[in-house]
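Next comes upload-v9.txt, a file with compact mmCIF, C-alpha atoms.
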```txt
# COMPACT_ATOMS: atom_id res chain seq x y z
CA MET B 1 0.00 0.00 0.00
CA ASN B 2 1.56 3.30 -0.99
CA THR B 3 1.91 6.21 1.38
CA THR B 4 -0.82 8.30 -0.24
CA ARG B 5 -3.41 5.58 0.16
CA ARG B 6 -2.31 4.83 3.71
CA THR B 7 -2.63 8.50 4.58
CA CYS B 8 -5.97 8.60 2.85
CA LEU B 9 -7.27 5.58 4.69
CA SER B 10 -6.06 6.81 8.03
CA LEU B 11 -7.72 10.11 7.34
CA ALA B 12 -10.88 8.18 6.63
CA GLY B 13 -10.30 6.43 9.93
CA LEU B 14 -10.73 3.00 8.54
CA ALA B 15 -7.19 1.73 8.72
CA SER B 16 -7.66 0.08 12.07
CA GLY B 17 -11.25 -1.00 11.74
CA SER B 18 -11.63 -2.94 8.53
CA LEU B 19 -10.09 -5.63 6.36
CA LEU B 20 -9.72 -4.67 2.74
CA VAL B 21 -9.60 -7.77 0.61
CA LYS B 22 -9.40 -5.99 -2.69
CA ALA B 23 -8.44 -2.35 -2.32
CA ALA B 24 -8.88 -0.22 -5.42
CA GLU B 25 -7.23 3.18 -5.64
CA PRO B 26 -9.47 5.45 -3.58
CA PRO B 27 -11.00 8.26 -5.63
CA ALA B 28 -10.06 11.84 -4.87
CA ASP B 29 -13.24 12.17 -2.74
CA CYS B 30 -11.58 10.05 -0.10
CA ASP B 31 -9.20 12.85 0.59
CA LEU B 32 -10.68 15.26 3.11
CA LEU B 33 -8.42 17.90 1.70
CA ALA B 34 -9.98 17.48 -1.75
CA LEU B 35 -13.13 19.09 -0.38
CA PHE B 36 -11.39 22.45 -0.29
CA ALA B 37 -10.64 22.25 -4.01
CA LYS B 38 -14.18 21.14 -4.84
CA ARG B 39 -15.89 24.09 -3.21
CA GLN B 40 -16.86 26.70 -5.79
CA SER B 41 -18.99 29.82 -6.06
CA VAL B 42 -22.39 28.93 -7.46
CA ARG B 43 -24.59 31.56 -9.05
CA ARG B 44 -27.56 29.52 -10.27
CA TYR B 45 -29.56 26.91 -8.39
CA LYS B 46 -32.22 24.27 -8.64
CA PRO B 47 -35.33 25.11 -6.63
CA ASP B 48 -35.18 21.84 -4.64
CA PRO B 49 -35.58 22.59 -0.92
CA VAL B 50 -32.74 21.97 1.50
CA PRO B 51 -33.81 19.60 4.27
CA GLU B 52 -33.74 21.10 7.73
CA GLU B 53 -31.32 18.44 8.94
CA HIS B 54 -28.76 19.43 6.29
CA LEU B 55 -29.18 23.09 7.09
CA ARG B 56 -28.65 22.35 10.76
CA ARG B 57 -25.45 20.41 10.09
CA ILE B 58 -24.12 23.17 7.88
CA LEU B 59 -24.79 25.85 10.48
CA ASP B 60 -23.39 23.61 13.21
CA ALA B 61 -20.15 23.44 11.26
CA ALA B 62 -20.12 27.20 10.58
CA ARG B 63 -20.30 28.07 14.25
CA ARG B 64 -17.26 25.89 14.97
CA ALA B 65 -15.06 28.48 13.30
CA PRO B 66 -12.19 29.99 15.27
CA THR B 67 -13.51 32.86 17.33
CA SER B 68 -11.68 35.48 19.33
CA GLY B 69 -11.87 34.71 23.03
CA ASN B 70 -14.52 32.11 22.18
CA GLN B 71 -17.00 34.98 21.81
CA GLN B 72 -19.05 33.34 19.00
CA PRO B 73 -20.45 36.70 17.85
CA TRP B 74 -22.57 35.33 15.04
CA LYS B 75 -26.17 35.24 14.00
CA PHE B 76 -27.14 33.11 11.03
CA LEU B 77 -30.39 34.44 9.61
CA VAL B 78 -32.12 31.79 7.50
CA VAL B 79 -34.59 33.03 4.89
CA ARG B 80 -36.92 30.79 2.89
CA ASP B 81 -39.85 33.21 2.53
CA ARG B 82 -40.29 33.64 -1.21
CA VAL B 83 -41.97 37.02 -0.77
CA LYS B 84 -38.90 38.41 0.96
CA ILE B 85 -36.51 36.81 -1.49
CA ASP B 86 -38.40 38.24 -4.45
CA ARG B 87 -38.52 41.62 -2.75
CA MET B 88 -34.74 41.63 -2.29
CA LYS B 89 -34.33 40.70 -5.94
CA ALA B 90 -36.65 43.47 -7.09
CA ARG B 91 -34.82 46.02 -4.92
CA CYS B 92 -31.45 44.93 -6.29
CA ILE B 93 -32.62 45.28 -9.89
CA GLU B 94 -34.27 48.63 -9.16
CA ARG B 95 -31.19 49.95 -7.44
CA SER B 96 -28.69 48.88 -10.04
CA THR B 97 -30.59 50.49 -12.87
CA ILE B 98 -30.93 53.86 -11.15
CA GLY B 99 -29.00 56.59 -12.84
CA GLY B 100 -27.12 56.09 -16.06
CA ASN B 101 -28.73 59.20 -17.43
CA SER B 102 -26.02 59.41 -20.02
CA LEU B 103 -27.06 56.06 -21.43
CA SER B 104 -29.27 55.74 -24.44
CA THR B 105 -32.55 53.87 -24.08
CA THR B 106 -31.00 50.87 -25.80
CA GLU B 107 -27.99 50.89 -23.48
CA ARG B 108 -30.16 51.25 -20.41
CA GLU B 109 -32.33 48.37 -21.53
CA ALA B 110 -29.25 46.22 -22.13
CA ARG B 111 -27.92 47.01 -18.67
CA ARG B 112 -31.25 46.17 -17.09
CA LYS B 113 -31.33 42.82 -18.86
CA THR B 114 -27.82 41.99 -17.66
CA VAL B 115 -28.72 42.82 -14.10
CA GLU B 116 -31.98 40.88 -14.27
CA GLU B 117 -30.13 37.86 -15.61
CA ARG B 118 -27.55 38.02 -12.83
CA MET B 119 -30.17 38.53 -10.14
CA ALA B 120 -32.27 35.70 -11.53
CA GLY B 121 -29.30 33.43 -10.86
CA TYR B 122 -28.43 34.81 -7.43
CA PHE B 123 -32.05 34.62 -6.28
CA SER B 124 -32.84 31.18 -7.67
CA ALA B 125 -31.95 29.23 -4.52
CA PRO B 126 -34.52 27.75 -2.13
CA VAL B 127 -32.90 29.30 0.95
CA TYR B 128 -30.58 32.15 1.93
CA ILE B 129 -28.33 32.58 4.91
CA VAL B 130 -27.34 36.04 6.04
CA VAL B 131 -24.18 35.75 8.12
CA LEU B 132 -24.15 38.51 10.73
CA THR B 133 -22.00 39.55 13.65
CA ASP B 134 -23.29 41.22 16.78
CA SER B 135 -21.83 44.60 17.71
CA GLU B 136 -22.80 43.73 21.29
CA SER B 137 -20.51 40.69 21.36
CA GLU B 138 -17.77 40.43 23.99
CA TYR B 139 -15.02 41.65 21.67
CA PRO B 140 -16.78 43.48 18.84
CA SER B 141 -13.53 44.85 17.42
CA TYR B 142 -12.63 41.24 16.63
CA ASN B 143 -15.88 40.47 14.83
CA HIS B 144 -14.19 41.18 11.51
CA HIS B 145 -11.96 38.13 12.03
CA ASP B 146 -14.70 35.81 13.26
CA GLY B 147 -17.38 36.73 10.72
CA PRO B 148 -15.70 35.69 7.47
CA MET B 149 -14.29 32.55 9.09
CA ALA B 150 -17.76 31.30 9.99
CA ALA B 151 -19.02 32.15 6.52
CA GLY B 152 -16.12 30.25 4.97
CA TYR B 153 -16.79 27.19 7.13
CA LEU B 154 -20.48 27.36 6.23
CA MET B 155 -19.58 27.19 2.56
CA LEU B 156 -17.22 24.28 3.01
CA ALA B 157 -19.72 22.32 5.07
CA ALA B 158 -22.37 23.01 2.43
CA ARG B 159 -20.06 21.60 -0.22
CA ALA B 160 -19.45 18.51 1.88
CA LEU B 161 -23.19 17.84 1.67
CA GLY B 162 -23.35 18.54 -2.06
CA TYR B 163 -24.66 22.10 -1.94
CA GLY B 164 -23.44 25.28 -3.54
CA THR B 165 -23.05 28.72 -2.01
CA VAL B 166 -21.47 32.04 -2.92
CA TYR B 167 -20.13 34.77 -0.64
CA ILE B 168 -22.12 37.81 -1.75
CA THR B 169 -21.30 41.34 -0.62
CA ASP B 170 -21.93 44.25 -2.98
CA SER B 171 -24.06 42.38 -5.50
CA ILE B 172 -26.81 42.28 -2.90
CA PRO B 173 -26.24 45.51 -0.96
CA GLU B 174 -26.30 45.22 2.82
CA GLU B 175 -28.86 48.02 3.02
CA ILE B 176 -31.30 45.99 0.97
CA THR B 177 -31.03 42.95 3.22
CA ARG B 178 -31.34 45.17 6.26
CA GLU B 179 -34.44 46.86 4.86
CA VAL B 180 -36.25 43.80 3.51
CA LEU B 181 -35.36 41.50 6.39
CA ALA B 182 -35.70 44.18 9.07
CA ILE B 183 -32.29 43.44 10.53
CA PRO B 184 -31.67 45.44 13.71
CA ALA B 185 -28.83 47.97 13.66
CA ARG B 186 -26.79 46.04 16.23
CA TYR B 187 -26.00 43.33 13.64
CA GLN B 188 -23.53 43.87 10.83
CA ARG B 189 -23.69 41.73 7.76
CA VAL B 190 -20.65 39.66 6.82
CA CYS B 191 -22.24 38.32 3.65
CA ILE B 192 -25.38 36.74 2.29
CA THR B 193 -25.26 33.39 0.61
CA PRO B 194 -27.73 31.28 -1.31
CA LEU B 195 -27.78 27.59 -0.38
CA GLY B 196 -29.00 24.91 -2.72
CA ILE B 197 -28.22 22.32 -5.33
CA PRO B 198 -26.40 24.01 -8.20
CA ALA B 199 -28.13 24.17 -11.56
CA GLY B 200 -24.75 22.90 -12.65
CA TRP B 201 -21.30 23.03 -11.11
CA PRO B 202 -19.33 25.84 -12.75
CA ASP B 203 -15.93 25.27 -14.27
CA PRO B 204 -13.22 25.71 -11.62
CA SER B 205 -11.81 29.24 -11.46
CA PRO B 206 -8.26 29.61 -12.73
CA LYS B 207 -5.94 29.79 -9.74
CA LYS B 208 -2.51 31.24 -9.05
CA LYS B 209 0.26 28.74 -8.49
CA LEU B 210 0.67 27.73 -4.87
CA GLU B 211 4.34 28.70 -4.97
CA ASP B 212 3.35 32.27 -5.84
CA LEU B 213 1.36 32.50 -2.63
CA VAL B 214 3.91 30.96 -0.26
CA ALA B 215 7.11 32.52 1.02
CA TYR B 216 9.71 30.88 3.27
CA GLU B 217 11.38 32.84 6.05
CA THR B 218 11.16 36.15 4.23
CA LEU B 219 9.03 38.02 1.70
CA MET M 1 -25.57 -1.23 5.95
CA ASN M 2 -27.25 1.68 7.63
CA THR M 3 -27.54 5.07 5.99
CA THR M 4 -25.00 6.77 8.22
CA ARG M 5 -22.31 4.24 7.40
CA ARG M 6 -23.16 4.29 3.72
CA THR M 7 -22.94 8.07 3.70
CA CYS M 8 -19.74 7.86 5.65
CA LEU M 9 -18.20 5.32 3.29
CA SER M 10 -19.25 7.22 0.21
CA LEU M 11 -17.74 10.30 1.75
CA ALA M 12 -14.60 8.27 2.26
CA GLY M 13 -14.93 7.23 -1.38
CA LEU M 14 -14.39 3.60 -0.75
CA ALA M 15 -17.87 2.28 -1.35
CA SER M 16 -17.24 1.45 -4.96
CA GLY M 17 -13.61 0.52 -4.84
CA SER M 18 -13.06 -2.01 -2.11
CA LEU M 19 -14.40 -5.16 -0.51
CA LEU M 20 -14.75 -4.91 3.21
CA VAL M 21 -14.73 -8.39 4.63
CA LYS M 22 -15.12 -7.31 8.20
CA ALA M 23 -16.37 -3.76 8.44
CA ALA M 24 -16.20 -2.22 11.88
CA GLU M 25 -18.32 0.83 12.67
CA PRO M 26 -16.41 3.74 11.12
CA PRO M 27 -15.14 6.09 13.78
CA ALA M 28 -16.43 9.65 13.97
CA ASP M 29 -13.28 10.74 12.10
CA CYS M 30 -14.86 9.47 8.93
CA ASP M 31 -17.52 12.15 9.08
CA LEU M 32 -16.24 15.19 7.23
CA LEU M 33 -18.47 17.43 9.28
CA ALA M 34 -16.98 16.08 12.52
CA LEU M 35 -13.72 17.73 11.53
CA PHE M 36 -15.19 21.16 12.24
CA ALA M 37 -15.99 20.17 15.83
CA LYS M 38 -12.57 18.61 16.37
CA ARG M 39 -10.60 21.70 15.42
CA GLN M 40 -9.45 23.54 18.51
CA SER M 41 -7.06 26.32 19.46
CA VAL M 42 -3.75 24.83 20.59
CA ARG M 43 -1.36 26.83 22.73
CA ARG M 44 1.40 24.30 23.42
CA TYR M 45 3.18 22.03 20.98
CA LYS M 46 5.61 19.18 20.61
CA PRO M 47 8.79 20.18 18.79
CA ASP M 48 8.39 17.48 16.11
CA PRO M 49 8.91 19.02 12.66
CA VAL M 50 6.04 19.23 10.19
CA PRO M 51 6.93 17.46 6.94
CA GLU M 52 7.03 19.72 3.91
CA GLU M 53 4.39 17.64 2.15
CA HIS M 54 1.91 18.20 4.98
CA LEU M 55 2.65 21.89 5.03
CA ARG M 56 2.12 22.08 1.30
CA ARG M 57 -1.25 20.32 1.53
CA ILE M 58 -2.38 22.61 4.33
CA LEU M 59 -1.44 25.74 2.41
CA ASP M 60 -2.99 24.32 -0.75
CA ALA M 61 -6.26 23.99 1.14
CA ALA M 62 -5.98 27.47 2.66
CA ARG M 63 -5.69 29.16 -0.72
CA ARG M 64 -8.90 27.48 -1.88
CA ALA M 65 -10.88 29.80 0.36
CA PRO M 66 -13.59 31.96 -1.18
CA THR M 67 -11.99 35.11 -2.55
CA SER M 68 -13.59 38.26 -3.87
CA GLY M 69 -13.42 38.35 -7.65
CA ASN M 70 -11.02 35.39 -7.46
CA GLN M 71 -8.30 37.86 -6.46
CA GLN M 72 -6.44 35.46 -4.12
CA PRO M 73 -4.76 38.32 -2.24
CA TRP M 74 -2.79 36.17 0.16
CA LYS M 75 0.77 35.51 1.11
CA PHE M 76 1.53 32.69 3.50
CA LEU M 77 4.88 33.37 5.16
CA VAL M 78 6.33 30.16 6.59
CA VAL M 79 8.89 30.55 9.39
CA ARG M 80 10.98 27.73 10.80
CA ASP M 81 14.10 29.72 11.68
CA ARG M 82 14.55 29.25 15.41
CA VAL M 83 16.52 32.47 15.74
CA LYS M 84 13.60 34.48 14.39
CA ILE M 85 11.03 32.59 16.43
CA ASP M 86 13.02 33.14 19.62
CA ARG M 87 13.45 36.79 18.75
CA MET M 88 9.69 37.25 18.34
CA LYS M 89 9.16 35.54 21.69
CA ALA M 90 11.71 37.76 23.41
CA ARG M 91 10.15 40.87 21.91
CA CYS M 92 6.68 39.81 23.02
CA ILE M 93 7.83 39.23 26.59
CA GLU M 94 9.76 42.50 26.61
CA ARG M 95 6.84 44.44 25.27
CA SER M 96 4.21 43.04 27.57
CA THR M 97 6.22 43.81 30.68
CA ILE M 98 6.88 47.41 29.78
CA GLY M 99 5.17 49.86 32.04
CA GLY M 100 3.17 48.80 35.03
CA ASN M 101 5.03 51.38 37.08
CA SER M 102 2.32 51.23 39.66
CA LEU M 103 3.05 47.56 40.27
CA SER M 104 5.19 46.38 43.11
CA THR M 105 8.29 44.37 42.31
CA THR M 106 6.47 41.19 43.34
CA GLU M 107 3.50 42.00 41.10
CA ARG M 108 5.74 42.87 38.18
CA GLU M 109 7.64 39.63 38.61
CA ALA M 110 4.39 37.66 38.73
CA ARG M 111 3.17 39.33 35.53
CA ARG M 112 6.44 38.57 33.78
CA LYS M 113 6.21 34.91 34.77
CA THR M 114 2.66 34.69 33.44
CA VAL M 115 3.67 36.21 30.15
CA GLU M 116 6.75 34.01 29.86
CA GLU M 117 4.62 30.95 30.48
CA ARG M 118 2.11 31.97 27.85
CA MET M 119 4.79 32.84 25.32
CA ALA M 120 6.63 29.59 26.01
CA GLY M 121 3.49 27.81 24.86
CA TYR M 122 2.77 30.01 21.85
CA PHE M 123 6.36 29.78 20.66
CA SER M 124 6.84 26.05 21.22
CA ALA M 125 5.82 24.95 17.72
CA PRO M 126 8.27 23.83 15.02
CA VAL M 127 6.84 26.19 12.39
CA TYR M 128 4.79 29.38 12.12
CA ILE M 129 2.61 30.68 9.33
CA VAL M 130 1.93 34.37 9.03
CA VAL M 131 -1.22 34.85 6.98
CA LEU M 132 -0.99 38.12 5.06
CA THR M 133 -3.00 40.00 2.48
CA ASP M 134 -1.55 42.22 -0.20
CA SER M 135 -2.70 45.82 -0.32
CA GLU M 136 -1.77 45.73 -4.02
CA SER M 137 -4.29 43.00 -4.74
CA GLU M 138 -7.03 43.58 -7.33
CA TYR M 139 -9.69 44.48 -4.78
CA PRO M 140 -7.81 45.45 -1.62
CA SER M 141 -10.94 46.74 0.11
CA TYR M 142 -12.16 43.13 0.06
CA ASN M 143 -9.00 41.70 1.60
CA HIS M 144 -10.66 41.77 5.01
CA HIS M 145 -13.14 39.12 3.83
CA ASP M 146 -10.60 36.91 2.09
CA GLY M 147 -7.87 36.99 4.74
CA PRO M 148 -9.68 35.39 7.68
CA MET M 149 -11.34 32.84 5.40
CA ALA M 150 -8.00 31.53 4.20
CA ALA M 151 -6.69 31.45 7.76
CA GLY M 152 -9.75 29.51 8.87
CA TYR M 153 -9.33 26.97 6.05
CA LEU M 154 -5.65 26.61 6.93
CA MET M 155 -6.60 25.69 10.48
CA LEU M 156 -9.20 23.18 9.41
CA ALA M 157 -6.85 21.53 6.93
CA ALA M 158 -4.18 21.37 9.62
CA ARG M 159 -6.63 19.60 11.92
CA ALA M 160 -7.46 17.13 9.16
CA LEU M 161 -3.81 16.10 9.17
CA GLY M 162 -3.64 15.92 12.95
CA TYR M 163 -2.03 19.28 13.64
CA GLY M 164 -2.98 22.10 15.94
CA THR M 165 -3.06 25.83 15.24
CA VAL M 166 -4.35 28.97 16.90
CA TYR M 167 -5.43 32.26 15.31
CA ILE M 168 -3.20 34.77 17.08
CA THR M 169 -3.69 38.53 16.78
CA ASP M 170 -2.83 40.76 19.74
CA SER M 171 -0.90 38.18 21.75
CA ILE M 172 1.86 38.43 19.16
CA PRO M 173 1.59 42.06 18.02
CA GLU M 174 1.66 42.62 14.27
CA GLU M 175 4.45 45.16 14.68
CA ILE M 176 6.69 42.51 16.21
CA THR M 177 6.19 40.10 13.31
CA ARG M 178 6.72 42.94 10.84
CA GLU M 179 9.93 43.96 12.57
CA VAL M 180 11.46 40.53 13.17
CA LEU M 181 10.40 39.03 9.85
CA ALA M 182 11.01 42.22 7.85
CA ILE M 183 7.55 42.13 6.29
CA PRO M 184 7.15 44.85 3.67
CA ALA M 185 4.53 47.54 4.31
CA ARG M 186 2.37 46.44 1.41
CA TYR M 187 1.31 43.29 3.31
CA GLN M 188 -1.13 43.37 6.18
CA ARG M 189 -1.18 40.60 8.70
CA VAL M 190 -4.40 38.65 9.16
CA CYS M 191 -2.98 36.49 11.94
CA ILE M 192 0.01 34.38 12.87
CA THR M 193 -0.42 30.75 13.75
CA PRO M 194 1.83 28.04 15.10
CA LEU M 195 1.57 24.70 13.36
CA GLY M 196 2.52 21.43 14.99
CA ILE M 197 1.49 18.40 16.96
CA PRO M 198 -0.20 19.55 20.15
CA ALA M 199 1.50 18.78 23.46
CA GLY M 200 -1.99 17.60 24.24
CA TRP M 201 -5.40 18.38 22.81
CA PRO M 202 -7.12 20.89 25.06
CA ASP M 203 -10.59 20.31 26.46
CA PRO M 204 -13.20 21.58 24.01
CA SER M 205 -14.31 25.16 24.66
CA PRO M 206 -17.83 25.56 26.02
CA LYS M 207 -20.08 26.61 23.18
CA LYS M 208 -23.37 28.48 22.86
CA LYS M 209 -26.36 26.42 21.80
CA LEU M 210 -26.81 26.30 18.04
CA GLU M 211 -30.39 27.56 18.38
CA ASP M 212 -29.08 30.73 20.05
CA LEU M 213 -27.05 31.50 16.95
CA VAL M 214 -29.69 30.79 14.32
CA ALA M 215 -32.75 32.86 13.47
CA TYR M 216 -35.45 32.03 10.93
CA GLU M 217 -36.92 34.71 8.69
CA THR M 218 -36.41 37.49 11.23
CA LEU M 219 -34.16 38.53 14.09
```
I need this file expressed as structure tokens, please.
Amino acid sequence: MNTTRRTCLSLAGLASGSLLVKAAEPPADCDLLALFAKRQSVRRYKPDPVPEEHLRRILDAARRAPTSGNQQPWKFLVVRDRVKIDRMKARCIERSTIGGNSLSTTEREARRKTVEERMAGYFSAPVYIVVLTDSESEYPSYNHHDGPMAAGYLMLAARALGYGTVYITDSIPEEITREVLAIPARYQRVCITPLGIPAGWPDPSPKKKLEDLVAYETL
Amino acid sequence: MNTTRRTCLSLAGLASGSLLVKAAEPPADCDLLALFAKRQSVRRYKPDPVPEEHLRRILDAARRAPTSGNQQPWKFLVVRDRVKIDRMKARCIERSTIGGNSLSTTEREARRKTVEERMAGYFSAPVYIVVLTDSESEYPSYNHHDGPMAAGYLMLAARALGYGTVYITDSIPEEITREVLAIPARYQRVCITPLGIPAGWPDPSPKKKLEDLVAYETL
């Protein structure tokens, strides 16, 4: 058995518990670390609902993120209400097509169509999670570390269960989520993410080489 | 075979490739989502080196974090040089015991011992990773989302391979890492983390109830 498979099996925790009579080369899925590479931003979804049990497991993973002084400053606001989701979409389209007075009618119409297309994708999921941090947490000046970490864990856990997500900031302005969802001022939004089965998994994004991101001893 | 084990095995990727003659109940390690709960902050390490291959896999996972506009604004600065690590420790101890003029000699001595103890733990690892973001990235105003997410993924990937980490901010001041490691001004530090085999896994931190962190439809 080569080292990679042994590592893989021990990661899977089966090395001590089972007898493999015929052991084929484990697929890449066996590698826990492969999950990180599989996670992608998804911008179009199937309408299939997400079972509550999956949602619970995803949020349970999210809140295990590192957190300054164990403060756990998060709120995860789950939205399934189609009226609210459609309202957010309408507000986003409305807002993005304001202005552009220098555009011709044709140009304005083209811009509107582009925005509608993009919003149709973003708002096609069965459920949304608004990741928030509480300004009344124990160490609010550390919320900016804790918030994105929980959101990132949420997205990884979602991928582990076969779901897509995407970390949305400006494309769905915070003010719109605050307005439509009546989010109290004490909570700041980290991001909003759809959660659902992708309409299709996108092609992987081109990535920098690892060696371009790593430095040893000095920069 | 019950559903949990089947899910677990398919997650491990072995369901199609191997014959299990005697299949013991897979341990909790097999559950990808259990990894999130197992990750903990570690503040004391064994000196055993971390193999380059493990380090590479951990960093490869870290840089798969969600990133605004795919900008990948990170630098991961890896430090193994004991001279530098000891210098950072000395500077941290020095800095934390400055002042306190109102303290008696006994009180000052007690404070110094506390700090030395804490720093002995923090600086006991064989290797350190300084997670940085580049102010010359494509979308630098989004670095504050991307930075913590990569750090969080790094820590999860480390745990997957049996290593501990801890997201350190103020306990090792950014200025000290900048000074000792000669980090150019263009890079901002997200955190610094040790990486190594824990001297012992700490008791899990007490956590809020999941239901206290989740809201449905409204806050």
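Note that atom CA of M:Tyr122 and atom CA of M:Glu179 are 18.2 Å apart.
The space separating atom CA of B:Tyr167 from atom CA of B:Ile192 comes to 6.3 Å.
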Point to revise | Polymer residues at most 8 Å from B:Glu138, only C-alpha atoms, same-chain spacing of 2 or more positions, as a PyMOL selection string | key: chain B and resi 71+73+136+140
**Study point:** Contacts of M:Ala160 at 9 Å (all atoms listed in the file; same-chain gap of 6+ positions) as a count of residues only
**Key:** 7
Need the axis-aligned box for stretch 96-115 of chain M with 8 Å each side, so what are the centre and edges in Å to one decimal, as AutoDock Vina command-line options?
```
--center_x 5.3 --center_y 43.0 --center_z 35.5 --size_x 22.0 --size_y 32.7 --size_z 31.8
```
Exercise for review: Give me the residues within 12 Å of B:Arg44 as a ChimeraX atom specification, counting only C-alpha atoms and dropping any in the same chain fewer than 6 places off.
Suggested key: /B:117-126,163-166,193-202
Check your understanding: Hey, can you check how far atom CA of M:Gln72 sits from atom CA of B:Thr218?
Key ->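 A separation of 19.5 Å between them.
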Practice item. Taking the point (13.7, 42.4, 20.2) as given in the file, collect each protein or nucleic acid residue that comes within 12 Å of it, counting all atoms listed in the file, and present the set as a PyMOL selection string. Key: chain M and resi 83-95+175-181
Could those selected residues go to a file with C-alpha atoms, as a PDB file, in the frame of the given file?
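Result file selection13.pdb:
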```
ATOM      1  CA  VAL M  83      16.520  32.470  15.740  1.00  0.00           C
ATOM      2  CA  LYS M  84      13.600  34.480  14.390  1.00  0.00           C
ATOM      3  CA  ILE M  85      11.030  32.590  16.430  1.00  0.00           C
ATOM      4  CA  ASP M  86      13.020  33.140  19.620  1.00  0.00           C
ATOM      5  CA  ARG M  87      13.450  36.790  18.750  1.00  0.00           C
ATOM      6  CA  MET M  88       9.690  37.250  18.340  1.00  0.00           C
ATOM      7  CA  LYS M  89       9.160  35.540  21.690  1.00  0.00           C
ATOM      8  CA  ALA M  90      11.710  37.760  23.410  1.00  0.00           C
ATOM      9  CA  ARG M  91      10.150  40.870  21.910  1.00  0.00           C
ATOM     10  CA  CYS M  92       6.680  39.810  23.020  1.00  0.00           C
ATOM     11  CA  ILE M  93       7.830  39.230  26.590  1.00  0.00           C
ATOM     12  CA  GLU M  94       9.760  42.500  26.610  1.00  0.00           C
ATOM     13  CA  ARG M  95       6.840  44.440  25.270  1.00  0.00           C
ATOM     14  CA  GLU M 175       4.450  45.160  14.680  1.00  0.00           C
ATOM     15  CA  ILE M 176       6.690  42.510  16.210  1.00  0.00           C
ATOM     16  CA  THR M 177       6.190  40.100  13.310  1.00  0.00           C
ATOM     17  CA  ARG M 178       6.720  42.940  10.840  1.00  0.00           C
ATOM     18  CA  GLU M 179       9.930  43.960  12.570  1.00  0.00           C
ATOM     19  CA  VAL M 180      11.460  40.530  13.170  1.00  0.00           C
ATOM     20  CA  LEU M 181      10.400  39.030   9.850  1.00  0.00           C
TER      21      LEU M 181
END
```
From (-13.6, 28.1, 6.8), in the file's coordinates, out to 6 Å: which residues are reached, counting all atoms listed in the file? Answer as an mmCIF file with C-alpha atoms, in the coordinates of the input.
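Dumped to point_20.cif:
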```
data_model
loop_
_atom_site.group_PDB
_atom_site.id
_atom_site.type_symbol
_atom_site.label_atom_id
_atom_site.label_comp_id
_atom_site.auth_asym_id
_atom_site.auth_seq_id
_atom_site.Cartn_x
_atom_site.Cartn_y
_atom_site.Cartn_z
ATOM 1 C CA MET B 149 -14.290 32.550 9.090
ATOM 2 C CA GLY B 152 -16.120 30.250 4.970
ATOM 3 C CA TYR B 153 -16.790 27.190 7.130
ATOM 4 C CA MET M 149 -11.340 32.840 5.400
ATOM 5 C CA GLY M 152 -9.750 29.510 8.870
ATOM 6 C CA TYR M 153 -9.330 26.970 6.050
#
```
